[in-house]
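Worksheet for the structure shown next.
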Amino acid sequence: MNARSSTPERLPRWIRATGALGAVLSALTVWLGLWVTPPDKVQGNLVRLVYLHPPIAWVALYLAFGLAALSSLLYLWRRTRSLFWDRLAAASVEVGVVFNALTLATGMLWGRPTWGVWWTWDARLTSTALLLVLFLGYLALRRVPATPEVRAKRCAVAALVAFVDVPIVHFSVIWWQTLHQGATVLNANLSPTIHGSMAWTLLLGFVALTLVFVWMVAVRYRIEVLADRTGALDLEVSLEERWAEAAAPVGSQAADTEGAGAAPAARVER
Amino acid sequence: MDLVVRLRGAVALTGRFPALSGADLTVQRGEVVSVVGANGAGKTTLLRLLAGLVPASSGEAVVLGIDLCQDPAAVRRRVGLLGHAPSLYDDLTAWENVRFALRSARVPAELGPAALERVGITGRLAATPVGGLSAGQRRRVALAVLVARSPELWLLDEPHAALDPAARSLVSELVEEAARGGAAVVFSSHEPAVALASSDRQAVMAGGRVLDLRPGGRRAPLAAVGEGGSHVA
Amino acid sequence: MDLVVRLRGAVALTGRFPALSGADLTVQRGEVVSVVGANGAGKTTLLRLLAGLVPASSGEAVVLGIDLCQDPAAVRRRVGLLGHAPSLYDDLTAWENVRFALRSARVPAELGPAALERVGITGRLAATPVGGLSAGQRRRVALAVLVARSPELWLLDEPHAALDPAARSLVSELVEEAARGGAAVVFSSHEPAVALASSDRQAVMAGGRVLDLRPGGRRAPLAAVGEGGSHVA
Amino acid sequence: MWRDAVLVAGKDLRIELRSRVALWQVVPVAVLSLVLYGFALGPGRRALAGAAPGLFWLAVLFSTVLATQRSVAIESGEGTRDGLRSSGIDPAGVFLGKAAAVAVELAVLQVVLWAAMTLLFGVHLRVGWLALVASLLATCGLAVAGTLYGALSAGLRVRETLLPLLVLPILAPVLLAASRAWAAALAGSPAAGVSWLRVLGPFAAVYLVVGVVLYGPLLEAG
Amino acid sequence: MWRDAVLVAGKDLRIELRSRVALWQVVPVAVLSLVLYGFALGPGRRALAGAAPGLFWLAVLFSTVLATQRSVAIESGEGTRDGLRSSGIDPAGVFLGKAAAVAVELAVLQVVLWAAMTLLFGVHLRVGWLALVASLLATCGLAVAGTLYGALSAGLRVRETLLPLLVLPILAPVLLAASRAWAAALAGSPAAGVSWLRVLGPFAAVYLVVGVVLYGPLLEAG
Ligand code: HEM
Ligand SMILES: Nc1ncnc2c1ncn2[C@@H]1O[C@H](COP(=O)(O)OP(=O)(O)OP(=O)(O)O)[C@@H](O)[C@H]1O
Ligand SMILES: Nc1ncnc2c1ncn2[C@@H]1O[C@H](COP(=O)(O)OP(=O)(O)OP(=O)(O)O)[C@@H](O)[C@H]1O
Ligand SMILES: [Mg+2]
Ligand SMILES: [Mg+2]
C-alpha cells in the first residue's frame, strides 16, 4: 500500500520506458501498415485503417473500460477497498473516453469512403456512441463535489452500470444484422480470419496501443495522486484555519463566558 | 460496555471543509451531554457524525461499540437523531409518517399513537399531511418517532427550537426518562446556562473541536458514580 | 399616519384551514410587539399575512396605510420578513445573495458588506455558497438583508431560533435600533417572559386569534409619552 | 428485504395517490408527446403507423425519467434522505420498493398510452401476449435501472438534469428491444419478436441484481 | 421592469454557470435524444434526413422542459419563493429575466445540437438566415411560454390544476412551425419557410405579452 501511494517527484522509469516503447511500436505499426502490408482486393488502400481502428476499439472497450469496471468492483468490495482503485478507475475511464472517441472518429473516417456516409444508425455504431455518453456521464458524476469516499462509491457504481454496454457493443454485430464488420479477430472460436503480414501488423498495433494506454493511465493516475496530495495539504491548512476559528469565533465569547461561572472548567486531555 | 460514544481526534469533512477538526468526546450510558458553541462551531456536524450520517475521515469514532468507519448502517439502526429539519414526508399525515418510520425501524407500529399523543399531535393534527403543520408541530411529529423508537443513543440538535414552553418541558422530561432508562443523550443548545443545568456534562465547541468539557447540574445516574471515570458529577 | 398595522377580525386560510380565525391587532410606529402562543396558534400565519404573503379572506387588514386585500405587492416592498426558512439561493454566496436581494428591493448594494459584517458573516463565510453554511449562519445572512433594507415594518418569526447568544443579543440590538428609527417590529417567540421584557406589548395568540394584549417591559420611546395615545417617534 | 420493499412501495404509492403527480403530469405529458411526435414527423398516417412502436416506447422512456425524478424527489426533502438512511431499512428493500412503485406507475401509464396510440395512429396489436410480455419485461427493466440511477443522482442539487443524462443511455437498449418486439406484435410475426425478449429479460435481471447489491453503498454515499 | 429583468437573468445565469447544469447536462441530453430518435425510428438514412428538422426541434422542445424545470427548481427552495415575492421585484421583470436566462441556454444548446445533427443525420442548412431567424423566434417563444408554464407548475402543490398540461399543446405550434421553417431552410426553398415565421413571430409576441401581464397574478397565487 505504501509503495502504491508514494509518488516520486519524477515519473518512475518504467512508465517512461513504457511510453517510449509504445511510441516506437506505434511508429513501426504505421510503417508496416502503410508501406509493407499489401492493399486489399476489395477495399484497396482503405484497408490500412484496419491496423488502427480495431486496436483502438479494443483498448477502449476491453482494456480501459474493463480495467475501470474491475477496479470499481474492487473498490466496492469491502476487503479491497482503497482509494487506489478509485483513482485507477478514474484514470482508465478518462483514457478510455479518449480511445472511445478515437474509435468513433476512425470508424467514421473509414465509413465515409466504404459506406458512403459518415454515420448510420447501425447497432454497433449506436451502441458505441452510447458507450461514450455513458462514460461521459461517469466523468460528469466525478465533477460533482463530494468527499472522496462518497464520490468513489457513486462513480464505482456508475462505472459498473455503464460497463454493461460493453458486451452489448461486442455482440451487437451478432444479435442484429449490422452494416458493420462482424467479428473477424475476436470471434467465438478465437480463430482470426485474417492472415500473414496483416495479422502480424494488427497484433503489433494492438501491442503498441496497449503500451500507450498503460503509459497514459499511469500518468493520469499520478496526476490524480498529486491532486489528492495537494488536497491533503489543503486539508492541513484548512484544519489549522478551522482551529484558529476557536480563538476569535463569531460570538463564541458569549457562549464561553455564559454559564462558565457555574462550574470550574475541566479541560479535555489530548 | 458502558461507553456509548468514544471520539478521539475525529475529523469530518462537509464538502472539503473540516467542519469537525479533531473532536474528542466520550459519553456513557445513562449520561446526558449538552453541546454548546457559536454558530458554525460544528455541533450539527458532531451529531450527524454520531448518527452515522457524515463519515469520519480520520480519527477514532466508536458508537455503541461499533466503529463508525466500519459499519455506519449498524450504528444508524440503534441511534436516533432529531435534526434541524425533520425527516418527514410532506404528503403523508403525521400518523402515516410515524407508522412508516416505526415499521422501517422494525418497531411495532402500535407504539405510534401513544407517542403522538404524548407529543400532543392528536385528532385533526394527526390526520393532515404534515406539510400543512406549523414548524413546531412538525418538530413534535419527528419527536414522536424518537419516543416510540427509544433508541440507545438520542441525538437532539437544538431540541428546544420551534417548540412552545409546554413542549420544551416535555422534551426535558423525555430526555430524563431516556437517560434513566439507560440510554445516552447528546443534545446541542444555544442556551448554555439552561443546557448546563439539565446535563451531566457540557461540551463547549469552537472551530470544530471540543475545547472544554465542564460538569453540569444534572444528577448523574447512580451506577456511574464510583467508576474510575470520566464523571465528575 | 402612525398606525402601521391594523387588523380587525382578519381571517386567513392556509389550504382550507383557517390558521388565522379573526385576529385583531394594531401596531404603531416605533413600537415593538411580541407574539407568543402555543405551537399552531397562528403566529407564523399572522406574520405572513402582514408580509402580504398570505391573503386575508375576510376582515380588515391594513398595513402601512395600504389595504392588504387591494395591493399586497405594495406592502411587500415596504415590509421585511425573517421567516422560519431563510429566503436564500443555496448556490450563491452570502454576498451574492444579499446583493441580489438589495438590488431587487432597490436598495443600494453598497449597504450589503456593512450589514454582513454586522451579523458576523465575513471572510470565508461571505464567499462560500450559502448551501454550505450552518443553520445559524444562514439565518444571519437572511438577517443581513433586513438590516441593509431597514424596512418600515420588521416581521421576525422566532428571530432567536438557531442563533448563538451573541447573535441573539445582536438581534435585540437591531430591533431596538429599528424601533428607535421609527420602524415597527412584530416578532414571535416561544419565550414569553424574555419576549415580554423586550417589547412594548405582547399579543398572546391561541386558536388563530389574539386573545390578550399585555403591556411589556420595553420603555416606549420618549416622544410618545404624554401624547394622547398615538406615538410620534 | 421483501417486507421492507412492500413498506417502501406502499409509502411511495400512497404519496403518489395523494399528490397525483404521475396521474396529472406524467400521463398527460406522455400522451401529448405522442401527439407531438406526430406533429414533428408531419402528416402521413402510414409513416406514423410504422413509427408507432418506436414512438410509443420513446414516450414511455421519457416518462420513466419523469417518474424516476419524482421518485427521487420524494426522498430529497431536507431531512427525509437522512431519515431513510437512518431508518434501518435494508437498502435492497428500499431499492426494490421504489422500483416497484415506479413500475406500477409505468404500467398504468402504458395502458393509457396504448389506448391513445390505437386512437391516434390507428394501429392494432395482433399478438397480444408478445406485447404484454415485452411490456412487462421492459417495464421492470426501466423501473429497476431508472431507480438505480436515480439513487446516483439523488442528493445532488443538480438532480433534475443529471438524471436524464445518466439514465437515458442506460435505457436505450430497452427502447430498442421493446419497440422491435412491439413492431413484431403489431405486424403479427411473433417469431421476430421473441428474440427481442431475450434482450429485455436479461436486461431487467442484470439491473435487478446490480441494484440489490449496489443500492446499499449508494445510499451510504449520499 | 427591464432593470429587474437583467437582475433576475443575471442571477439565474450565474447559478447556471456555477452548477454548469446547462453545459454538462442539458446539452448532452439533447444530443443524446437525437441519437435515441435515430434508435427508435430504426435505420434508413433517408427517412431520418427527412425527419431531421422535426427531431431537432423535438429535442429542443424537451430541453426547454428540462431548462424550465431547472429554472423553477432555483426558486423552489423552502424560503426562496417567498423571497422572490416579497423582494419588491416587478413580477414582469422576474418573468422576463427568467425567460431570458432560459433563452440564452437554449441558444447555446441549439448551436451544439445543430453541429450534432449535421454529423449524425448528414443534413445541411442551405438558407442560413431563414434557419437563424426561425431559431431566434422559436427560442423566444419556447423560453417565454416555458417560463410561464414553470410558474404554473411551481404552484401545483397548492392548487391542483390541469393547466400545466396545456403547455405542451401550447408549444406544439412552435414545434410545427420551426421544423417546417427548418425543413424549408434545409431544402433551400426560403419562400415556403417565411410563411412559418409568421407563426413563430406572433407566437413569441403573444406569450411575451401574456406572460408580462399574467406572471404577477401567478406569483401571487403560489
Ligand atoms: C463510426 C463508425 C464505427 C464505429 C463506432 C466502430 C466501432 C467499432 C468497435 C467498438 C469495434 C470493436 C468491437 C469488438 O471487437 O468488440 C470495432 C471493430 C472493428 N471495426 Fe469498426 N466501427 C466503425 C466503423 C467501421 C468501418 C467503416 C469498418 C470497415 C469497413 C470497421 C471495421 C472494423 C473491424 C474490421 C473491426 C474488428 C472486428 C473484430 O475482429 O472484432 N469499423 N469497430
Ligand atoms: N397548508 C395548511 N393546511 C392545513 N393547515 C395548516 C396549513 N398551514 C398551517 N396550518 C395550520 O395552521 C395552524 C397555524 O399554523 P402557524 O404556522 O401559523 O402556527 P405557529 O403559531 O407559527 O406555530 P409554531 O409555533 O409551531 O411555529 C396550525 O395548526 C397548522 O396546523
Ligand atoms: N457543505 C459545506 N461546505 C462548506 N462548509 C460547510 C458545509 N457544511 C458545513 N460547513 C461549515 O461547517 C461549519 C460547521 O457547521 P455546523 O452545521 O456543524 O455548525 P453548528 O455548530 O451546527 O452551527 P449552528 O449553531 O449555526 O447550527 C460551519 O462553519 C459551516 O460553514
Ligand atoms: Mg447546527
Ligand atoms: Mg411558526
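Going through the C-alpha cells in order, the chains are called A, B, and so on, while each chain numbers its residues from 1 and the ligands are numbered from 1 in the order shown.
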
- Message: At a cut-off of 6 Å, using only C-alpha atoms, what residues contact segment 48-55 of chain B? Leave out same-chain residues fewer than 2 positions from it and give the result as a PyMOL selection string.
- Response: chain B and resi 45-46+72+76

File dump, residues just selected, N, CA and C atoms, as a tab-separated table (two decimals), in the first residue's frame:
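Printed below is part-v3.tsv as written:
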```tsv
chain	number	residue	atom	x	y	z
B	45	THR	N	-22.57	19.01	12.87
B	45	THR	CA	-21.72	18.01	12.25
B	45	THR	C	-21.35	16.91	13.24
B	46	LEU	N	-21.09	17.31	14.48
B	46	LEU	CA	-20.78	16.31	15.51
B	46	LEU	C	-21.94	15.33	15.67
B	72	PRO	N	-21.40	2.05	9.51
B	72	PRO	CA	-22.31	3.12	9.93
B	72	PRO	C	-23.77	2.68	9.93
B	76	ARG	N	-26.64	3.45	12.71
B	76	ARG	CA	-27.85	4.20	12.43
B	76	ARG	C	-29.10	3.51	12.96
```

- Within 6 Å of ligand 5, which residues show up when you count only C-alpha atoms and all ligand atoms? List them as a list of chain:residue names, please. B:Ser134, B:Ala135, C:Lys43, C:Thr44

Keeping only C-alpha atoms, take the residues you just selected and write them out as a tab-separated table (two decimals), in the first residue's frame.
```tsv
chain	number	residue	atom	x	y	z
B	134	SER	CA	-46.70	24.54	11.79
B	135	ALA	CA	-42.95	24.42	12.38
C	43	LYS	CA	-48.10	33.20	14.82
C	44	THR	CA	-46.41	32.37	11.55
```

- Query: By least-squares superposition of chain D on chain E, using all C-alpha atoms in order, what RMSD in Å to one decimal is obtained?
  - Reply: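 Computed value for the CA RMSD is 1.8 Å.
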
- Within 8 Å of segment 214-216 of chain A, counting only C-alpha atoms, which residues qualify if same-chain residues fewer than 4 places away don't, as a PyMOL selection string? chain A and resi 15-16+18-19+95+210+220

At a cut-off of 12 Å, can you tabulate as CSV every residue of chain C near ligand 2 together with its closest atom pair and the distance in Å to one decimal, using only C-alpha atoms and all ligand atoms and ordering rows by chain then number?
```
residue,atom,partner,partner_atom_place_in_ligand_line,distance
C:Val11,CA,ligand 2,12 (O),11.6
C:Ala12,CA,ligand 2,12 (O),9.4
C:Leu13,CA,ligand 2,7 (C),7.8
C:Thr14,CA,ligand 2,2 (C),4.5
C:Gly15,CA,ligand 2,3 (N),4.6
C:Arg16,CA,ligand 2,4 (C),6.3
C:Phe17,CA,ligand 2,4 (C),4.9
C:Pro18,CA,ligand 2,12 (O),6.8
C:Ala19,CA,ligand 2,12 (O),3.9
C:Leu20,CA,ligand 2,14 (C),7.1
C:Ser21,CA,ligand 2,12 (O),9.8
C:Ala23,CA,ligand 2,18 (O),11.9
C:Val35,CA,ligand 2,21 (O),8.9
C:Val36,CA,ligand 2,21 (O),7.9
C:Gly37,CA,ligand 2,21 (O),6.3
C:Ala38,CA,ligand 2,25 (O),5.9
C:Asn39,CA,ligand 2,26 (O),3.6
C:Gly40,CA,ligand 2,19 (O),3.4
C:Ala41,CA,ligand 2,21 (O),3.9
C:Gly42,CA,ligand 2,18 (O),3.1
C:Lys43,CA,ligand 2,21 (O),3.7
C:Thr44,CA,ligand 2,22 (O),3.6
C:Thr45,CA,ligand 2,18 (O),3.8
C:Leu46,CA,ligand 2,18 (O),6.4
C:Leu47,CA,ligand 2,18 (O),8.1
C:Arg48,CA,ligand 2,18 (O),8.4
C:Leu49,CA,ligand 2,18 (O),9.7
C:Val54,CA,ligand 2,8 (N),10.4
C:Gly83,CA,ligand 2,22 (O),10.0
C:His84,CA,ligand 2,27 (O),7.9
C:Ala85,CA,ligand 2,27 (O),11.2
C:Leu156,CA,ligand 2,22 (O),11.3
C:Asp157,CA,ligand 2,22 (O),7.9
C:Glu158,CA,ligand 2,27 (O),8.1
C:Pro159,CA,ligand 2,27 (O),11.7
C:Ala161,CA,ligand 2,27 (O),10.9
C:Phe187,CA,ligand 2,22 (O),11.1
C:Ser188,CA,ligand 2,22 (O),8.1
C:Ser189,CA,ligand 2,25 (O),7.9
C:His190,CA,ligand 2,25 (O),7.2
C:Glu191,CA,ligand 2,25 (O),10.9
C:Ala203,CA,ligand 2,21 (O),11.8
C:Val204,CA,ligand 2,21 (O),10.4
C:Met205,CA,ligand 2,21 (O),7.8
C:Ala206,CA,ligand 2,21 (O),8.1
C:Gly207,CA,ligand 2,13 (C),7.8
C:Gly208,CA,ligand 2,14 (C),6.7
C:Arg209,CA,ligand 2,21 (O),10.2
C:Val210,CA,ligand 2,21 (O),11.1
```

Which residues of chain C sit at most 10 Å from ligand 4, using only C-alpha atoms and all ligand atoms? Give each one's shortest atom pair and distance in Å (one decimal place), in chain and ascending residue order, as a tab-separated table.
```
residue	atom	partner	partner_atom_place_in_ligand_line	distance
C:Leu133	CA	ligand 4	1 (Mg)	9.3
C:Ser134	CA	ligand 4	1 (Mg)	5.6
C:Ala135	CA	ligand 4	1 (Mg)	5.2
C:Gly136	CA	ligand 4	1 (Mg)	6.6
C:Gln137	CA	ligand 4	1 (Mg)	8.9
C:Ala162	CA	ligand 4	1 (Mg)	7.2
C:Leu163	CA	ligand 4	1 (Mg)	9.2
```

- Message: On all C-alpha atoms matched in order, how well does chain C superpose onto chain B? Give the RMSD in Å.
- Response: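 My reading of the C-alpha RMSD is 1.6 Å.
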
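The chain C residues that come within 12 Å of chain D are Ala85, Tyr89, Asp90, Asp91 and Gly131 of chain C, with only C-alpha atoms taken into account.
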
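Close contacts of segment 127-143 of chain E, defined as residues with an atom at most 6 Å away when counting only C-alpha atoms, with chain neighbours fewer than 6 positions off set aside, comprise Ala99, Val102, Ala103, Trp182, Ala185, Gly188, Leu200, Gly201 and Ala204 of chain E.
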
Store the residues of this selection in a file with N, CA, C and O atoms, as a PDB file, in the first residue's frame.
```
ATOM      1  N   ALA E  99     -37.128  34.135 -18.319  1.00  0.00           N
ATOM      2  CA  ALA E  99     -37.265  33.699 -19.706  1.00  0.00           C
ATOM      3  C   ALA E  99     -35.979  33.973 -20.477  1.00  0.00           C
ATOM      4  O   ALA E  99     -35.526  33.143 -21.273  1.00  0.00           O
ATOM      5  N   VAL E 102     -33.390  31.347 -19.718  1.00  0.00           N
ATOM      6  CA  VAL E 102     -33.699  30.098 -20.422  1.00  0.00           C
ATOM      7  C   VAL E 102     -33.375  30.239 -21.904  1.00  0.00           C
ATOM      8  O   VAL E 102     -32.812  29.332 -22.522  1.00  0.00           O
ATOM      9  N   ALA E 103     -33.704  31.398 -22.475  1.00  0.00           N
ATOM     10  CA  ALA E 103     -33.457  31.602 -23.903  1.00  0.00           C
ATOM     11  C   ALA E 103     -31.966  31.521 -24.215  1.00  0.00           C
ATOM     12  O   ALA E 103     -31.567  30.893 -25.195  1.00  0.00           O
ATOM     13  N   TRP E 182     -37.371  25.084 -40.760  1.00  0.00           N
ATOM     14  CA  TRP E 182     -36.057  24.477 -40.928  1.00  0.00           C
ATOM     15  C   TRP E 182     -36.045  23.516 -42.111  1.00  0.00           C
ATOM     16  O   TRP E 182     -35.043  23.415 -42.813  1.00  0.00           O
ATOM     17  N   ALA E 185     -35.464  25.564 -44.926  1.00  0.00           N
ATOM     18  CA  ALA E 185     -34.078  26.021 -44.961  1.00  0.00           C
ATOM     19  C   ALA E 185     -33.157  24.904 -45.435  1.00  0.00           C
ATOM     20  O   ALA E 185     -32.180  25.133 -46.131  1.00  0.00           O
ATOM     21  N   GLY E 188     -33.719  24.407 -49.113  1.00  0.00           N
ATOM     22  CA  GLY E 188     -33.301  25.539 -49.929  1.00  0.00           C
ATOM     23  C   GLY E 188     -34.445  26.266 -50.599  1.00  0.00           C
ATOM     24  O   GLY E 188     -34.299  26.798 -51.699  1.00  0.00           O
ATOM     25  N   LEU E 200     -44.281  31.918 -35.940  1.00  0.00           N
ATOM     26  CA  LEU E 200     -43.355  31.991 -34.803  1.00  0.00           C
ATOM     27  C   LEU E 200     -43.329  33.378 -34.174  1.00  0.00           C
ATOM     28  O   LEU E 200     -43.328  33.516 -32.948  1.00  0.00           O
ATOM     29  N   GLY E 201     -43.285  34.402 -35.016  1.00  0.00           N
ATOM     30  CA  GLY E 201     -43.207  35.766 -34.502  1.00  0.00           C
ATOM     31  C   GLY E 201     -44.375  36.106 -33.593  1.00  0.00           C
ATOM     32  O   GLY E 201     -44.180  36.393 -32.409  1.00  0.00           O
ATOM     33  N   ALA E 204     -44.378  34.155 -30.204  1.00  0.00           N
ATOM     34  CA  ALA E 204     -43.484  34.693 -29.180  1.00  0.00           C
ATOM     35  C   ALA E 204     -44.061  35.991 -28.624  1.00  0.00           C
ATOM     36  O   ALA E 204     -44.089  36.204 -27.409  1.00  0.00           O
TER      37      ALA E 204
END
```

- Message: Give me the residues near Leu102 of chain C as a ChimeraX atom specification, where near means some atom within 8 Å (using only C-alpha atoms) and where sequence neighbours in that chain fewer than 4 positions away do not count.
- Response: /C:98,106-109,112,145,148-149

Could you write out that same residue set with N, CA, C and O atoms as a CSV table (one decimal), in the first residue's frame?
```csv
chain,number,residue,atom,x,y,z
C,98,VAL,N,-27.1,38.6,-0.8
C,98,VAL,CA,-27.5,39.9,-0.2
C,98,VAL,C,-27.6,40.9,-1.3
C,98,VAL,O,-28.5,41.7,-1.4
C,106,ARG,N,-34.3,47.6,-4.6
C,106,ARG,CA,-33.9,49.0,-5.0
C,106,ARG,C,-33.2,49.7,-3.8
C,106,ARG,O,-33.5,50.8,-3.6
C,107,VAL,N,-32.4,48.9,-3.1
C,107,VAL,CA,-31.6,49.5,-2.0
C,107,VAL,C,-30.2,49.5,-2.6
C,107,VAL,O,-29.8,48.5,-3.2
C,108,PRO,N,-29.4,50.5,-2.4
C,108,PRO,CA,-28.0,50.5,-2.9
C,108,PRO,C,-27.3,49.2,-2.3
C,108,PRO,O,-27.3,49.0,-1.1
C,109,ALA,N,-26.7,48.5,-3.2
C,109,ALA,CA,-26.0,47.2,-2.8
C,109,ALA,C,-24.8,47.6,-1.9
C,109,ALA,O,-24.3,46.7,-1.2
C,112,GLY,N,-24.7,46.4,1.6
C,112,GLY,CA,-24.6,44.9,1.9
C,112,GLY,C,-23.4,44.6,2.8
C,112,GLY,O,-23.5,43.9,3.9
C,145,VAL,N,-29.9,40.9,5.2
C,145,VAL,CA,-30.7,41.6,4.2
C,145,VAL,C,-31.6,42.6,4.8
C,145,VAL,O,-31.8,43.7,4.4
C,148,ALA,N,-29.8,45.7,6.0
C,148,ALA,CA,-29.5,46.6,4.9
C,148,ALA,C,-30.7,47.3,4.4
C,148,ALA,O,-30.7,48.5,4.0
C,149,ARG,N,-31.8,46.6,4.3
C,149,ARG,CA,-33.0,47.2,3.8
C,149,ARG,C,-33.7,48.1,4.7
C,149,ARG,O,-34.4,49.0,4.3
```
